[in-house]
>>> print(open('protein16.csv').read())   # CSV, C-alpha atoms
chain,number,residue,atom,x,y,z
A,489,MET,CA,-152.6,-108.0,-71.8
A,490,GLN,CA,-156.3,-108.5,-72.5
A,491,ILE,CA,-157.7,-111.9,-73.2
A,492,GLU,CA,-160.6,-111.9,-75.6
A,493,THR,CA,-163.3,-114.4,-74.8
A,494,ALA,CA,-165.6,-115.8,-77.4
A,495,LYS,CA,-169.2,-114.6,-77.2
A,496,LYS,CA,-171.7,-117.3,-76.3
A,497,TYR,CA,-174.9,-117.9,-78.1
A,498,VAL,CA,-177.6,-117.5,-75.5
A,499,VAL,CA,-180.9,-119.2,-76.1
A,500,GLU,CA,-183.9,-117.8,-74.3
A,501,VAL,CA,-187.6,-118.3,-74.5
A,502,TYR,CA,-190.3,-115.6,-74.3
A,503,SER,CA,-193.2,-116.8,-72.1
A,504,ASP,CA,-196.1,-114.7,-71.0
A,505,LYS,CA,-197.5,-117.3,-68.7
A,506,GLY,CA,-195.8,-116.2,-65.5
A,507,PRO,CA,-196.7,-113.5,-63.0
A,508,LEU,CA,-196.9,-110.0,-64.3
A,509,GLU,CA,-194.0,-108.8,-62.2
A,510,ALA,CA,-191.6,-111.5,-63.4
A,511,SER,CA,-189.5,-111.2,-66.5
A,512,PRO,CA,-191.1,-113.0,-69.6
A,513,TRP,CA,-187.6,-114.1,-70.7
A,514,HIS,CA,-186.2,-117.4,-69.4
A,515,LEU,CA,-182.7,-118.7,-70.0
A,516,ILE,CA,-182.5,-122.1,-71.7
A,517,GLY,CA,-178.7,-122.2,-72.1
A,518,GLU,CA,-175.5,-120.8,-73.4
A,519,PHE,CA,-173.8,-122.4,-76.4
A,520,ASN,CA,-170.4,-122.2,-78.0
A,521,SER,CA,-171.6,-122.4,-81.6
A,522,ALA,CA,-174.5,-121.1,-83.7
A,523,SER,CA,-175.4,-124.7,-84.7
A,524,GLN,CA,-175.8,-125.8,-81.1
A,525,ALA,CA,-178.0,-122.8,-80.3
A,526,THR,CA,-180.1,-123.4,-83.4
A,527,GLU,CA,-180.6,-127.0,-82.5
A,528,ALA,CA,-181.8,-126.0,-79.0
A,529,CYS,CA,-184.3,-123.7,-80.5
A,530,LYS,CA,-185.5,-126.3,-83.0
A,531,ARG,CA,-186.0,-128.8,-80.1
A,532,ILE,CA,-188.2,-126.3,-78.3
A,533,VAL,CA,-190.5,-126.0,-81.3
A,534,ASP,CA,-190.4,-129.7,-82.1
A,535,ASP,CA,-191.2,-130.7,-78.5
A,536,PHE,CA,-194.3,-128.6,-78.5
A,537,LEU,CA,-195.4,-129.8,-81.9
A,538,TYR,CA,-195.0,-133.5,-81.0
A,539,LYS,CA,-197.0,-133.0,-77.8
A,540,SER,CA,-199.7,-131.1,-79.7
A,541,PHE,CA,-199.9,-133.1,-82.8
A,542,SER,CA,-203.2,-134.8,-83.4
A,543,LYS,CA,-205.1,-136.1,-86.4
A,544,GLY,CA,-207.2,-133.6,-88.1
A,545,LEU,CA,-205.1,-130.5,-87.1
A,546,ASP,CA,-203.9,-128.8,-90.2
A,547,ALA,CA,-200.6,-126.9,-90.5
A,548,LYS,CA,-202.2,-123.5,-89.9
A,549,ALA,CA,-204.0,-124.6,-86.8
A,550,LEU,CA,-200.9,-126.3,-85.5
A,551,ALA,CA,-198.8,-123.1,-86.0
A,552,ASN,CA,-201.5,-121.0,-84.3
A,553,GLN,CA,-201.5,-123.4,-81.4
A,554,PHE,CA,-197.7,-123.0,-81.1
A,555,LEU,CA,-197.9,-119.2,-81.3
A,556,SER,CA,-200.7,-119.1,-78.7
A,557,TYR,CA,-199.5,-121.5,-76.1
A,558,SER,CA,-195.7,-122.2,-76.5
A,559,ASP,CA,-192.7,-120.4,-75.3
A,560,ILE,CA,-191.0,-118.7,-78.2
A,561,PRO,CA,-187.3,-119.4,-78.5
A,562,CYS,CA,-184.7,-116.9,-79.7
A,563,ILE,CA,-180.9,-116.6,-79.9
A,564,ASN,CA,-179.2,-113.6,-78.3
A,565,ARG,CA,-175.7,-112.5,-78.6
A,566,GLY,CA,-173.9,-109.2,-78.5
A,567,ASP,CA,-173.7,-108.9,-82.3
A,568,ASN,CA,-177.4,-109.9,-82.7
A,569,PRO,CA,-177.1,-112.8,-85.1
A,570,ASN,CA,-179.9,-113.6,-87.4
A,571,ILE,CA,-179.3,-117.3,-87.5
A,572,PHE,CA,-182.7,-118.8,-86.5
A,573,ASP,CA,-186.1,-117.6,-87.6
A,574,VAL,CA,-188.7,-119.4,-85.4
A,575,TYR,CA,-191.5,-118.5,-87.8
A,576,THR,CA,-189.8,-120.0,-90.9
A,577,PHE,CA,-188.9,-123.2,-89.0
A,578,LEU,CA,-192.4,-123.4,-87.5
A,579,ASP,CA,-194.0,-123.1,-90.9
A,580,MET,CA,-191.7,-125.8,-92.3
A,581,ARG,CA,-192.3,-128.2,-89.4
A,582,CYS,CA,-196.1,-127.7,-89.4
A,583,THR,CA,-196.2,-128.4,-93.1
A,584,GLN,CA,-194.3,-131.6,-92.5
A,585,PHE,CA,-196.7,-132.6,-89.8
A,586,ASN,CA,-199.6,-131.9,-92.0
A,587,ARG,CA,-198.2,-134.1,-94.8
A,588,ARG,CA,-197.9,-136.9,-92.3
A,589,ILE,CA,-201.6,-136.5,-91.5
A,590,LEU,CA,-202.4,-136.8,-95.1
A,591,GLY,CA,-200.1,-139.7,-95.6
A,592,LEU,CA,-197.8,-137.9,-98.0
A,593,LEU,CA,-194.6,-138.5,-96.1
>>> encode(input="protein16.csv", output="structure tokens")
Amino acid sequence: MQIETAKKYVVEVYSDKGPLEASPWHLIGEFNSASQATEACKRIVDDFLYKSFSKGLDAKALANQFLSYSDIPCINRGDNPNIFDVYTFLDMRCTQFNRRILGLL
């Protein structure tokens, strides 16, 4: 009898800040659901944006700062789910931050 185990959603970040001989992928955690994994990825983006947020920085500059200096989260699983697009989420969050600067939120 074979017991089938549920595949975990593995959240990793890509970081090119380490030594050349080290892997650029770092494990953040394993999650039982897509929503838990997605929330972990969103927290990574939001944490960087909250730390980087400053007045006068528009949405494009904030997104460029994230892409240049942040670790990039992704969700891995055997069936390669397409459940979190970091670029779409980043664009949405940077636009929200920009609206705060302009007093529109």
>>> closest_residue(input="protein16.csv", among="A:Lys505, A:Gly517, A:Val574, A:Asp546", to="Arg587 (chain A)", atoms="all atoms listed in the file")
A:Asp546
>>> closest_residue(input="protein16.csv", among="A:Ala528, A:Ala510, A:Leu550, A:Ala494", to="Cys562 (chain A)", atoms="only C-alpha atoms")
A:Ala528
>>> closest_residue(input="protein16.csv", among="A:Gly506, A:Ala549, A:Asp535, A:Ile563", to="Ser523 (chain A)", atoms="only C-alpha atoms")
A:Ile563
>>> closest_residue(input="protein16.csv", among="A:Gly566, A:Lys548, A:Tyr497, A:Gln553", to="Asp579 (chain A)", atoms="only C-alpha atoms")
A:Lys548
>>> residues_near_point(input="protein16.csv", point="(-186.8, -126.1, -84.4)", cutoff="10 Å", atoms="all atoms listed in the file", output="number ranges by chain")
A: 526-537, 561, 572-578, 580-581
>>> atom_distance(input="protein16.csv", atom1="CA of Lys496 (chain A)", atom2="CA of His514 (chain A)")
16.1 Å
>>> atom_distance(input="protein16.csv", atom1="CA of Ala525 (chain A)", atom2="CA of Lys539 (chain A)")
21.7 Å
>>> closest_residue(input="protein16.csv", among="A:Asn570, A:Cys582, A:Arg565, A:Asp559", to="Asp504 (chain A)", atoms="all atoms listed in the file")
A:Asp559
>>> atom_distance(input="protein16.csv", atom1="CA of Asn586 (chain A)", atom2="CA of Phe554 (chain A)")
14.2 Å
>>> residues_around(input="protein16.csv", residues="Tyr502 (chain A)", least_positions_apart="2", cutoff="6 Å", atoms="all atoms listed in the file", output="mmCIF file with C-alpha atoms, in the frame of the given file")
data_model
loop_
_atom_site.group_PDB
_atom_site.id
_atom_site.type_symbol
_atom_site.label_atom_id
_atom_site.label_comp_id
_atom_site.auth_asym_id
_atom_site.auth_seq_id
_atom_site.Cartn_x
_atom_site.Cartn_y
_atom_site.Cartn_z
ATOM 1 C CA PRO A 512 -191.100 -113.000 -69.600
ATOM 2 C CA TRP A 513 -187.600 -114.100 -70.700
ATOM 3 C CA ASP A 559 -192.700 -120.400 -75.300
ATOM 4 C CA ILE A 560 -191.000 -118.700 -78.200
#
>>> decode(input="protein16.csv", residues="region 556-593 of chain A", atoms="N, CA and C atoms", output="PDB file, in the first residue's frame")
ATOM      1  N   SER A 556      16.056  45.908  -7.758  1.00  0.00           N
ATOM      2  CA  SER A 556      17.514  46.025  -7.688  1.00  0.00           C
ATOM      3  C   SER A 556      18.102  45.491  -6.387  1.00  0.00           C
ATOM      4  N   TYR A 557      17.368  45.636  -5.280  1.00  0.00           N
ATOM      5  CA  TYR A 557      17.972  45.369  -3.977  1.00  0.00           C
ATOM      6  C   TYR A 557      17.267  44.309  -3.116  1.00  0.00           C
ATOM      7  N   SER A 558      16.104  43.859  -3.521  1.00  0.00           N
ATOM      8  CA  SER A 558      15.368  42.912  -2.686  1.00  0.00           C
ATOM      9  C   SER A 558      15.586  41.480  -3.151  1.00  0.00           C
ATOM     10  N   ASP A 559      15.310  40.557  -2.247  1.00  0.00           N
ATOM     11  CA  ASP A 559      15.232  39.156  -2.607  1.00  0.00           C
ATOM     12  C   ASP A 559      13.889  38.950  -3.311  1.00  0.00           C
ATOM     13  N   ILE A 560      13.878  38.153  -4.370  1.00  0.00           N
ATOM     14  CA  ILE A 560      12.681  37.959  -5.176  1.00  0.00           C
ATOM     15  C   ILE A 560      12.004  36.642  -4.776  1.00  0.00           C
ATOM     16  N   PRO A 561      10.782  36.705  -4.235  1.00  0.00           N
ATOM     17  CA  PRO A 561      10.116  35.477  -3.781  1.00  0.00           C
ATOM     18  C   PRO A 561       9.440  34.725  -4.927  1.00  0.00           C
ATOM     19  N   CYS A 562       9.377  33.411  -4.770  1.00  0.00           N
ATOM     20  CA  CYS A 562       8.625  32.589  -5.705  1.00  0.00           C
ATOM     21  C   CYS A 562       8.120  31.351  -4.982  1.00  0.00           C
ATOM     22  N   ILE A 563       7.114  30.729  -5.578  1.00  0.00           N
ATOM     23  CA  ILE A 563       6.532  29.519  -5.016  1.00  0.00           C
ATOM     24  C   ILE A 563       6.882  28.359  -5.933  1.00  0.00           C
ATOM     25  N   ASN A 564       7.475  27.333  -5.358  1.00  0.00           N
ATOM     26  CA  ASN A 564       7.840  26.144  -6.116  1.00  0.00           C
ATOM     27  C   ASN A 564       7.035  24.958  -5.611  1.00  0.00           C
ATOM     28  N   ARG A 565       6.707  24.105  -6.538  1.00  0.00           N
ATOM     29  CA  ARG A 565       5.990  22.882  -6.235  1.00  0.00           C
ATOM     30  C   ARG A 565       6.158  21.972  -7.437  1.00  0.00           C
ATOM     31  N   GLY A 566       6.011  20.706  -7.268  1.00  0.00           N
ATOM     32  CA  GLY A 566       6.216  19.766  -8.361  1.00  0.00           C
ATOM     33  C   GLY A 566       5.417  20.068  -9.611  1.00  0.00           C
ATOM     34  N   ASP A 567       4.198  20.567  -9.443  1.00  0.00           N
ATOM     35  CA  ASP A 567       3.355  20.845 -10.599  1.00  0.00           C
ATOM     36  C   ASP A 567       3.490  22.284 -11.106  1.00  0.00           C
ATOM     37  N   ASN A 568       4.474  23.017 -10.580  1.00  0.00           N
ATOM     38  CA  ASN A 568       4.785  24.372 -11.031  1.00  0.00           C
ATOM     39  C   ASN A 568       3.567  25.295 -11.056  1.00  0.00           C
ATOM     40  N   PRO A 569       2.981  25.574  -9.912  1.00  0.00           N
ATOM     41  CA  PRO A 569       1.769  26.401  -9.903  1.00  0.00           C
ATOM     42  C   PRO A 569       2.078  27.848 -10.266  1.00  0.00           C
ATOM     43  N   ASN A 570       1.166  28.447 -10.944  1.00  0.00           N
ATOM     44  CA  ASN A 570       1.301  29.858 -11.286  1.00  0.00           C
ATOM     45  C   ASN A 570       0.296  30.626 -10.430  1.00  0.00           C
ATOM     46  N   ILE A 571       0.572  30.696  -9.129  1.00  0.00           N
ATOM     47  CA  ILE A 571      -0.397  31.285  -8.206  1.00  0.00           C
ATOM     48  C   ILE A 571       0.028  32.642  -7.660  1.00  0.00           C
ATOM     49  N   PHE A 572       1.282  33.017  -7.866  1.00  0.00           N
ATOM     50  CA  PHE A 572       1.748  34.314  -7.382  1.00  0.00           C
ATOM     51  C   PHE A 572       2.688  34.914  -8.411  1.00  0.00           C
ATOM     52  N   ASP A 573       2.332  36.097  -8.896  1.00  0.00           N
ATOM     53  CA  ASP A 573       3.189  36.822  -9.828  1.00  0.00           C
ATOM     54  C   ASP A 573       3.755  38.027  -9.080  1.00  0.00           C
ATOM     55  N   VAL A 574       5.027  37.945  -8.740  1.00  0.00           N
ATOM     56  CA  VAL A 574       5.659  38.997  -7.942  1.00  0.00           C
ATOM     57  C   VAL A 574       5.599  40.343  -8.644  1.00  0.00           C
ATOM     58  N   TYR A 575       5.691  40.361  -9.965  1.00  0.00           N
ATOM     59  CA  TYR A 575       5.714  41.625 -10.696  1.00  0.00           C
ATOM     60  C   TYR A 575       4.348  42.310 -10.680  1.00  0.00           C
ATOM     61  N   THR A 576       3.271  41.539 -10.793  1.00  0.00           N
ATOM     62  CA  THR A 576       1.923  42.100 -10.715  1.00  0.00           C
ATOM     63  C   THR A 576       1.653  42.643  -9.314  1.00  0.00           C
ATOM     64  N   PHE A 577       2.017  41.868  -8.303  1.00  0.00           N
ATOM     65  CA  PHE A 577       1.814  42.312  -6.925  1.00  0.00           C
ATOM     66  C   PHE A 577       2.661  43.544  -6.623  1.00  0.00           C
ATOM     67  N   LEU A 578       3.900  43.548  -7.067  1.00  0.00           N
ATOM     68  CA  LEU A 578       4.792  44.688  -6.853  1.00  0.00           C
ATOM     69  C   LEU A 578       4.217  45.949  -7.491  1.00  0.00           C
ATOM     70  N   ASP A 579       3.732  45.838  -8.702  1.00  0.00           N
ATOM     71  CA  ASP A 579       3.150  46.990  -9.389  1.00  0.00           C
ATOM     72  C   ASP A 579       1.953  47.540  -8.623  1.00  0.00           C
ATOM     73  N   MET A 580       1.069  46.643  -8.160  1.00  0.00           N
ATOM     74  CA  MET A 580      -0.105  47.057  -7.411  1.00  0.00           C
ATOM     75  C   MET A 580       0.290  47.766  -6.111  1.00  0.00           C
ATOM     76  N   ARG A 581       1.226  47.169  -5.368  1.00  0.00           N
ATOM     77  CA  ARG A 581       1.622  47.746  -4.077  1.00  0.00           C
ATOM     78  C   ARG A 581       2.355  49.075  -4.263  1.00  0.00           C
ATOM     79  N   CYS A 582       3.202  49.189  -5.262  1.00  0.00           N
ATOM     80  CA  CYS A 582       3.913  50.448  -5.491  1.00  0.00           C
ATOM     81  C   CYS A 582       2.944  51.557  -5.872  1.00  0.00           C
ATOM     82  N   THR A 583       1.925  51.219  -6.644  1.00  0.00           N
ATOM     83  CA  THR A 583       0.898  52.198  -6.990  1.00  0.00           C
ATOM     84  C   THR A 583       0.153  52.649  -5.741  1.00  0.00           C
ATOM     85  N   GLN A 584      -0.155  51.710  -4.838  1.00  0.00           N
ATOM     86  CA  GLN A 584      -0.822  52.071  -3.586  1.00  0.00           C
ATOM     87  C   GLN A 584       0.065  52.975  -2.735  1.00  0.00           C
ATOM     88  N   PHE A 585       1.350  52.671  -2.651  1.00  0.00           N
ATOM     89  CA  PHE A 585       2.268  53.513  -1.892  1.00  0.00           C
ATOM     90  C   PHE A 585       2.339  54.906  -2.501  1.00  0.00           C
ATOM     91  N   ASN A 586       2.370  54.978  -3.831  1.00  0.00           N
ATOM     92  CA  ASN A 586       2.454  56.257  -4.523  1.00  0.00           C
ATOM     93  C   ASN A 586       1.209  57.097  -4.238  1.00  0.00           C
ATOM     94  N   ARG A 587       0.052  56.460  -4.181  1.00  0.00           N
ATOM     95  CA  ARG A 587      -1.190  57.185  -3.878  1.00  0.00           C
ATOM     96  C   ARG A 587      -1.160  57.741  -2.463  1.00  0.00           C
ATOM     97  N   ARG A 588      -0.531  57.002  -1.551  1.00  0.00           N
ATOM     98  CA  ARG A 588      -0.402  57.504  -0.168  1.00  0.00           C
ATOM     99  C   ARG A 588       0.434  58.774  -0.153  1.00  0.00           C
ATOM    100  N   ILE A 589       1.510  58.764  -0.930  1.00  0.00           N
ATOM    101  CA  ILE A 589       2.380  59.947  -1.004  1.00  0.00           C
ATOM    102  C   ILE A 589       1.577  61.145  -1.483  1.00  0.00           C
ATOM    103  N   LEU A 590       0.748  60.912  -2.498  1.00  0.00           N
ATOM    104  CA  LEU A 590      -0.021  61.999  -3.068  1.00  0.00           C
ATOM    105  C   LEU A 590      -1.280  62.330  -2.268  1.00  0.00           C
ATOM    106  N   GLY A 591      -1.533  61.545  -1.201  1.00  0.00           N
ATOM    107  CA  GLY A 591      -2.694  61.797  -0.365  1.00  0.00           C
ATOM    108  C   GLY A 591      -4.003  61.331  -0.976  1.00  0.00           C
ATOM    109  N   LEU A 592      -3.933  60.384  -1.909  1.00  0.00           N
ATOM    110  CA  LEU A 592      -5.143  59.923  -2.575  1.00  0.00           C
ATOM    111  C   LEU A 592      -5.797  58.740  -1.864  1.00  0.00           C
ATOM    112  N   LEU A 593      -5.133  58.150  -0.864  1.00  0.00           N
ATOM    113  CA  LEU A 593      -5.732  57.036  -0.128  1.00  0.00           C
ATOM    114  C   LEU A 593      -6.114  57.473   1.266  1.00  0.00           C
TER     115      LEU A 593
END
